[in-house]
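S.K.: For reference, this is model_9.txt, and it has compact mmCIF, N, CA and C atoms.
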```
# COMPACT_ATOMS: atom_id res chain seq x y z
N MET A 1 128.85 101.79 152.16
CA MET A 1 129.20 100.83 151.12
C MET A 1 129.54 101.61 149.85
N GLY A 2 130.64 101.23 149.21
CA GLY A 2 131.04 101.89 147.98
C GLY A 2 130.16 101.49 146.81
N SER A 3 130.20 102.30 145.76
CA SER A 3 129.34 102.05 144.60
C SER A 3 129.68 100.73 143.91
N VAL A 4 130.97 100.35 143.89
CA VAL A 4 131.35 99.08 143.26
C VAL A 4 130.77 97.91 144.05
N ASN A 5 130.89 97.97 145.37
CA ASN A 5 130.32 96.90 146.21
C ASN A 5 128.81 96.82 146.03
N TRP A 6 128.15 97.96 145.98
CA TRP A 6 126.70 98.00 145.79
C TRP A 6 126.33 97.34 144.46
N TYR A 7 127.08 97.67 143.42
CA TYR A 7 126.80 97.12 142.10
C TYR A 7 127.02 95.61 142.07
N ILE A 8 128.11 95.15 142.68
CA ILE A 8 128.39 93.71 142.73
C ILE A 8 127.28 92.98 143.48
N LYS A 9 126.82 93.56 144.58
CA LYS A 9 125.73 92.93 145.33
C LYS A 9 124.46 92.83 144.49
N ARG A 10 124.19 93.83 143.66
CA ARG A 10 123.04 93.77 142.75
C ARG A 10 123.18 92.62 141.76
N LEU A 11 124.40 92.47 141.20
CA LEU A 11 124.64 91.38 140.25
C LEU A 11 124.47 90.01 140.91
N ILE A 12 124.94 89.89 142.16
CA ILE A 12 124.79 88.63 142.90
C ILE A 12 123.32 88.37 143.17
N HIS A 13 122.59 89.40 143.61
CA HIS A 13 121.16 89.26 143.93
C HIS A 13 120.36 88.82 142.69
N ARG A 14 120.74 89.31 141.53
CA ARG A 14 120.04 88.95 140.29
C ARG A 14 120.45 87.56 139.79
N GLY A 15 121.47 86.99 140.38
CA GLY A 15 121.91 85.66 139.97
C GLY A 15 122.87 85.67 138.80
N TRP A 16 123.42 86.82 138.47
CA TRP A 16 124.32 86.93 137.34
C TRP A 16 125.77 86.67 137.73
N VAL A 17 126.08 86.85 139.02
CA VAL A 17 127.42 86.63 139.53
C VAL A 17 127.33 85.75 140.76
N LYS A 18 128.27 84.81 140.86
CA LYS A 18 128.33 83.92 142.02
C LYS A 18 129.62 84.27 142.78
N VAL A 19 129.53 84.33 144.09
CA VAL A 19 130.70 84.67 144.90
C VAL A 19 131.08 83.47 145.76
N SER A 20 132.39 83.26 145.88
CA SER A 20 132.88 82.20 146.76
C SER A 20 134.12 82.73 147.48
N HIS A 21 134.41 82.15 148.64
CA HIS A 21 135.56 82.58 149.45
C HIS A 21 136.81 81.81 149.03
N LEU A 22 137.88 82.55 148.75
CA LEU A 22 139.18 81.93 148.49
C LEU A 22 139.89 81.70 149.82
N ASP A 23 139.82 82.67 150.70
CA ASP A 23 140.30 82.56 152.07
C ASP A 23 139.54 83.58 152.91
N ARG A 24 140.01 83.86 154.11
CA ARG A 24 139.25 84.75 155.01
C ARG A 24 139.04 86.15 154.45
N THR A 25 139.98 86.66 153.68
CA THR A 25 139.91 88.06 153.25
C THR A 25 139.69 88.23 151.75
N ARG A 26 139.72 87.15 150.99
CA ARG A 26 139.59 87.28 149.54
C ARG A 26 138.37 86.54 149.03
N LEU A 27 137.72 87.18 148.05
CA LEU A 27 136.53 86.59 147.43
C LEU A 27 136.81 86.31 145.96
N LYS A 28 136.12 85.33 145.42
CA LYS A 28 136.20 85.01 144.00
C LYS A 28 134.83 85.25 143.40
N TYR A 29 134.77 85.97 142.27
CA TYR A 29 133.51 86.26 141.60
C TYR A 29 133.49 85.53 140.26
N ASP A 30 132.42 84.78 140.02
CA ASP A 30 132.26 84.05 138.76
C ASP A 30 130.97 84.50 138.09
N LEU A 31 131.04 84.66 136.79
CA LEU A 31 129.86 84.98 136.00
C LEU A 31 129.04 83.71 135.83
N THR A 32 127.77 83.75 136.19
CA THR A 32 126.90 82.58 136.04
C THR A 32 126.46 82.46 134.59
N SER A 33 125.85 81.32 134.25
CA SER A 33 125.35 81.15 132.88
C SER A 33 124.28 82.20 132.58
N GLU A 34 123.43 82.52 133.55
CA GLU A 34 122.42 83.58 133.36
C GLU A 34 123.10 84.94 133.17
N GLY A 35 124.15 85.17 133.95
CA GLY A 35 124.91 86.41 133.80
C GLY A 35 125.56 86.50 132.43
N MET A 36 126.08 85.39 131.94
CA MET A 36 126.70 85.36 130.62
C MET A 36 125.66 85.64 129.53
N LYS A 37 124.47 85.08 129.71
CA LYS A 37 123.39 85.30 128.74
C LYS A 37 123.03 86.79 128.68
N VAL A 38 122.87 87.42 129.84
CA VAL A 38 122.53 88.85 129.89
C VAL A 38 123.67 89.67 129.31
N PHE A 39 124.90 89.35 129.69
CA PHE A 39 126.06 90.07 129.17
C PHE A 39 126.12 89.98 127.65
N THR A 40 125.91 88.78 127.11
CA THR A 40 125.96 88.57 125.66
C THR A 40 124.86 89.36 124.96
N GLN A 41 123.64 89.33 125.51
CA GLN A 41 122.53 90.09 124.91
C GLN A 41 122.84 91.58 124.89
N ARG A 42 123.36 92.07 125.98
CA ARG A 42 123.67 93.51 126.05
C ARG A 42 124.83 93.87 125.14
N ALA A 43 125.81 93.00 125.04
CA ALA A 43 126.94 93.26 124.14
C ALA A 43 126.48 93.29 122.68
N LEU A 44 125.60 92.36 122.31
CA LEU A 44 125.07 92.35 120.94
C LEU A 44 124.23 93.59 120.67
N SER A 45 123.44 93.98 121.64
CA SER A 45 122.62 95.18 121.50
C SER A 45 123.50 96.42 121.33
N TYR A 46 124.55 96.50 122.12
CA TYR A 46 125.49 97.61 122.01
C TYR A 46 126.15 97.63 120.63
N ALA A 47 126.56 96.46 120.15
CA ALA A 47 127.19 96.37 118.83
C ALA A 47 126.22 96.81 117.73
N ARG A 48 124.96 96.36 117.81
CA ARG A 48 123.95 96.76 116.81
C ARG A 48 123.73 98.27 116.84
N ASP A 49 123.60 98.83 118.04
CA ASP A 49 123.39 100.28 118.17
C ASP A 49 124.60 101.05 117.64
N SER A 50 125.80 100.55 117.92
CA SER A 50 127.01 101.21 117.45
C SER A 50 127.08 101.20 115.93
N LEU A 51 126.69 100.09 115.31
CA LEU A 51 126.69 100.01 113.84
C LEU A 51 125.67 100.97 113.23
N LYS A 52 124.53 101.14 113.90
CA LYS A 52 123.54 102.11 113.42
C LYS A 52 124.10 103.52 113.47
N VAL A 53 124.77 103.85 114.56
CA VAL A 53 125.37 105.18 114.70
C VAL A 53 126.44 105.37 113.64
N TYR A 54 127.30 104.36 113.46
CA TYR A 54 128.34 104.44 112.43
C TYR A 54 127.71 104.68 111.05
N GLY A 55 126.67 103.90 110.74
CA GLY A 55 126.00 104.04 109.45
C GLY A 55 125.42 105.43 109.25
N SER A 56 124.85 105.99 110.30
CA SER A 56 124.29 107.33 110.23
C SER A 56 125.38 108.37 109.96
N TYR A 57 126.49 108.28 110.70
CA TYR A 57 127.59 109.23 110.49
C TYR A 57 128.20 109.04 109.10
N ARG A 58 128.31 107.81 108.67
CA ARG A 58 128.88 107.53 107.35
C ARG A 58 128.00 108.13 106.25
N ASP A 59 126.68 107.97 106.37
CA ASP A 59 125.76 108.55 105.39
C ASP A 59 125.88 110.06 105.36
N LYS A 60 125.97 110.68 106.52
CA LYS A 60 126.12 112.14 106.58
C LYS A 60 127.44 112.58 105.98
N ALA A 61 128.49 111.81 106.22
CA ALA A 61 129.80 112.13 105.65
C ALA A 61 129.76 112.02 104.13
N LYS A 62 129.06 111.02 103.61
CA LYS A 62 128.96 110.85 102.16
C LYS A 62 128.22 112.03 101.52
N VAL A 63 127.17 112.52 102.18
CA VAL A 63 126.43 113.69 101.68
C VAL A 63 127.34 114.90 101.64
N LEU A 64 128.11 115.10 102.70
CA LEU A 64 129.03 116.23 102.77
C LEU A 64 130.10 116.12 101.69
N VAL A 65 130.67 114.95 101.51
CA VAL A 65 131.72 114.75 100.51
C VAL A 65 131.16 114.97 99.11
N LEU A 66 129.95 114.52 98.86
CA LEU A 66 129.33 114.77 97.56
C LEU A 66 129.19 116.28 97.31
N GLU A 67 128.80 117.01 98.33
CA GLU A 67 128.70 118.48 98.24
C GLU A 67 130.07 119.09 97.91
N LEU A 68 131.11 118.58 98.55
CA LEU A 68 132.47 119.07 98.28
C LEU A 68 132.87 118.82 96.83
N ILE A 69 132.59 117.61 96.36
CA ILE A 69 132.93 117.25 94.98
C ILE A 69 132.17 118.14 93.99
N GLN A 70 130.89 118.38 94.26
CA GLN A 70 130.09 119.22 93.38
C GLN A 70 130.62 120.65 93.34
N GLN A 71 131.24 121.09 94.42
CA GLN A 71 131.80 122.44 94.47
C GLN A 71 133.24 122.49 93.96
N GLY A 72 133.78 121.33 93.58
CA GLY A 72 135.13 121.28 93.05
C GLY A 72 136.21 121.35 94.13
N ILE A 73 135.87 121.11 95.36
CA ILE A 73 136.85 121.15 96.45
C ILE A 73 137.62 119.84 96.46
N GLN A 74 138.95 119.95 96.41
CA GLN A 74 139.80 118.76 96.33
C GLN A 74 140.70 118.58 97.54
N ARG A 75 140.72 119.58 98.41
CA ARG A 75 141.60 119.51 99.59
C ARG A 75 140.89 120.17 100.77
N VAL A 76 140.92 119.47 101.90
CA VAL A 76 140.23 119.97 103.10
C VAL A 76 141.12 119.80 104.33
N TYR A 77 140.77 120.55 105.34
CA TYR A 77 141.37 120.40 106.66
C TYR A 77 140.28 119.89 107.60
N LEU A 78 140.59 118.87 108.38
CA LEU A 78 139.62 118.31 109.31
C LEU A 78 139.89 118.87 110.70
N ASN A 79 138.92 119.62 111.21
CA ASN A 79 139.06 120.26 112.51
C ASN A 79 138.44 119.37 113.58
N GLY A 80 139.27 118.71 114.36
CA GLY A 80 138.78 117.84 115.41
C GLY A 80 139.51 116.51 115.40
N ASP A 81 139.25 115.73 116.43
CA ASP A 81 139.92 114.44 116.56
C ASP A 81 139.01 113.50 117.33
N ASP A 82 137.87 113.18 116.74
CA ASP A 82 136.95 112.26 117.40
C ASP A 82 136.51 111.19 116.40
N GLU A 83 135.64 110.32 116.81
CA GLU A 83 135.20 109.22 115.95
C GLU A 83 134.49 109.73 114.69
N MET A 84 133.71 110.80 114.84
CA MET A 84 133.02 111.35 113.67
C MET A 84 134.03 111.86 112.63
N ILE A 85 135.07 112.51 113.10
CA ILE A 85 136.10 113.01 112.18
C ILE A 85 136.84 111.84 111.54
N ASP A 86 137.06 110.77 112.27
CA ASP A 86 137.70 109.58 111.68
C ASP A 86 136.87 109.03 110.52
N ILE A 87 135.55 108.99 110.70
CA ILE A 87 134.65 108.51 109.65
C ILE A 87 134.69 109.46 108.46
N LEU A 88 134.70 110.76 108.73
CA LEU A 88 134.77 111.75 107.66
C LEU A 88 136.11 111.65 106.92
N ARG A 89 137.19 111.43 107.65
CA ARG A 89 138.51 111.28 107.03
C ARG A 89 138.50 110.10 106.04
N LEU A 90 137.98 108.97 106.47
CA LEU A 90 137.90 107.78 105.62
C LEU A 90 137.07 108.08 104.37
N THR A 91 135.94 108.74 104.54
CA THR A 91 135.05 109.04 103.42
C THR A 91 135.72 110.00 102.43
N CYS A 92 136.44 110.99 102.93
CA CYS A 92 137.16 111.92 102.05
C CYS A 92 138.24 111.19 101.25
N ILE A 93 139.01 110.37 101.94
CA ILE A 93 140.09 109.63 101.27
C ILE A 93 139.52 108.73 100.19
N GLU A 94 138.44 108.03 100.49
CA GLU A 94 137.81 107.15 99.48
C GLU A 94 137.34 107.93 98.26
N ALA A 95 136.94 109.18 98.47
CA ALA A 95 136.44 110.01 97.36
C ALA A 95 137.57 110.75 96.64
N GLY A 96 138.80 110.59 97.09
CA GLY A 96 139.92 111.25 96.44
C GLY A 96 140.16 112.67 96.90
N ILE A 97 139.55 113.07 98.00
CA ILE A 97 139.77 114.41 98.55
C ILE A 97 140.98 114.35 99.47
N GLN A 98 141.93 115.24 99.25
CA GLN A 98 143.15 115.26 100.05
C GLN A 98 142.88 115.88 101.42
N ILE A 99 143.56 115.34 102.43
CA ILE A 99 143.45 115.86 103.78
C ILE A 99 144.71 116.67 104.06
N SER A 100 144.53 117.93 104.42
CA SER A 100 145.65 118.82 104.72
C SER A 100 145.98 118.78 106.21
N ASP A 101 147.27 118.93 106.52
CA ASP A 101 147.70 118.99 107.91
C ASP A 101 147.58 120.40 108.49
N ILE A 102 147.43 121.37 107.61
CA ILE A 102 147.26 122.76 108.06
C ILE A 102 145.95 123.30 107.51
N PRO A 103 145.32 124.22 108.22
CA PRO A 103 144.04 124.76 107.73
C PRO A 103 144.17 125.34 106.33
N VAL A 104 143.21 124.99 105.49
CA VAL A 104 143.14 125.49 104.12
C VAL A 104 141.82 126.23 103.96
N GLU A 105 141.48 126.55 102.74
CA GLU A 105 140.25 127.29 102.46
C GLU A 105 139.01 126.59 103.00
N CYS A 106 138.98 125.27 102.91
CA CYS A 106 137.81 124.50 103.34
C CYS A 106 138.14 123.72 104.61
N ILE A 107 137.46 124.05 105.68
CA ILE A 107 137.67 123.40 106.97
C ILE A 107 136.40 122.64 107.33
N LEU A 108 136.56 121.34 107.62
CA LEU A 108 135.41 120.50 107.99
C LEU A 108 135.47 120.18 109.48
N GLY A 109 134.30 120.09 110.09
CA GLY A 109 134.23 119.75 111.50
C GLY A 109 132.98 118.95 111.80
N SER A 110 132.90 118.48 113.03
CA SER A 110 131.72 117.74 113.46
C SER A 110 130.98 118.56 114.51
N THR A 111 129.66 118.35 114.53
CA THR A 111 128.81 119.12 115.45
C THR A 111 127.89 118.19 116.22
N GLY A 112 128.43 117.25 116.92
CA GLY A 112 127.62 116.35 117.73
C GLY A 112 126.86 115.32 116.93
N GLN A 113 125.92 115.76 116.10
CA GLN A 113 125.11 114.83 115.32
C GLN A 113 125.32 114.94 113.82
N GLY A 114 126.24 115.78 113.38
CA GLY A 114 126.46 115.95 111.96
C GLY A 114 127.79 116.61 111.67
N TYR A 115 127.94 117.09 110.44
CA TYR A 115 129.17 117.71 109.99
C TYR A 115 128.88 119.11 109.48
N HIS A 116 129.92 119.93 109.40
CA HIS A 116 129.77 121.26 108.83
C HIS A 116 131.02 121.65 108.04
N ILE A 117 130.80 122.56 107.08
CA ILE A 117 131.88 123.13 106.28
C ILE A 117 132.03 124.58 106.68
N ASN A 118 133.25 124.98 106.91
CA ASN A 118 133.55 126.40 107.09
C ASN A 118 134.52 126.78 105.98
N SER A 119 134.08 127.61 105.06
CA SER A 119 134.97 128.09 104.01
C SER A 119 134.56 129.50 103.65
N GLU A 120 135.37 130.12 102.84
CA GLU A 120 135.10 131.50 102.45
C GLU A 120 133.83 131.61 101.62
N ASN A 121 133.52 130.56 100.83
CA ASN A 121 132.43 130.66 99.87
C ASN A 121 131.11 130.06 100.34
N ASN A 122 131.12 129.19 101.34
CA ASN A 122 129.87 128.53 101.67
C ASN A 122 129.86 128.04 103.10
N SER A 123 128.70 127.56 103.48
CA SER A 123 128.52 126.94 104.77
C SER A 123 127.56 125.77 104.57
N PHE A 124 127.82 124.68 105.22
CA PHE A 124 126.98 123.49 105.07
C PHE A 124 126.81 122.84 106.43
N GLU A 125 125.60 122.46 106.76
CA GLU A 125 125.32 121.70 107.97
C GLU A 125 124.65 120.41 107.53
N GLY A 126 125.17 119.28 107.94
CA GLY A 126 124.54 118.03 107.54
C GLY A 126 124.89 116.90 108.43
```
Write the structure described by the file as C-alpha cells, please.
M.R.:
Amino acid sequence: MGSVNWYIKRLIHRGWVKVSHLDRTRLKYDLTSEGMKVFTQRALSYARDSLKVYGSYRDKAKVLVLELIQQGIQRVYLNGDDEMIDILRLTCIEAGIQISDIPVECILGSTGQGYHINSENNSFEG
C-alpha cells in the first residue's frame, strides 16, 4: 500500500474523511464536519505559529537595522533569497537603508535563526 493510500485510510478511520463510490473504479472523498473542525484548528494553529516566527524575525531585523543606522550605514547588499531576507529587506526599506543589487561594503545575510553583518569594519550576529 502506498503512503497516500495509508494516510487516506487513517483519515477515514478517524472519521475526518468519508469515502463513497462514484463507479466501480472511482472513489469520492468528502471532508466530514469533524474533519473540517480538525483542519480548521490546525490551520489556525499554523497561522498563529507562523505569525510568532514572523514577529521574531522582524524583531531581529529591527535590532540589526538599528545597529546599521548607529554605524551610519546607508546602503547594504542582501545575501540570500529566503523569507528571512524578505523580512530584512522590508525592514531596511522602512528605515531608509538602500538595497544594492551588487555586493557593497556591508553585506547582510541570514543564519537560520537570525541575521549577520559581514563588512570590513564589524561583525554582528543577531
S.K.: Would you work out the distance separating atom C of Ile99 of chain A from atom C of Gly80 of chain A, expressed in Å to one decimal?
M.R.: 12.5 Å
S.K.: Of the candidates A:Leu44, A:Leu108, A:Leu68, A:Ala61, which one gets nearest to Leu88 of chain A if we count only C-alpha atoms?
M.R.: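 Looking at the shortest contact to Leu88 of chain A, the residue is A:Ala61.
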S.K.: Name the residues in contact with Asp81 of chain A at a cut-off of 8 Å, using all atoms listed in the file, excluding same-chain residues fewer than 4 positions from it; report them as a list in words.
M.R.: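 Result of the neighbour search: Ile85, Asp86 and Ser110 of chain A.
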S.K.: Which value, in Å to one decimal, gives the distance between atom C of Ile73 of chain A and atom CA of Val53 of chain A?
M.R.: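 Atom-to-atom, atom C of Ile73 of chain A to atom CA of Val53 of chain A, that is 26.4 Å.
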S.K.: Could you check how far atom CA of Pro103 of chain A sits from atom CA of Leu66 of chain A, in Å to one decimal?
M.R.: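 Here the two named atoms are 20.5 Å from each other.
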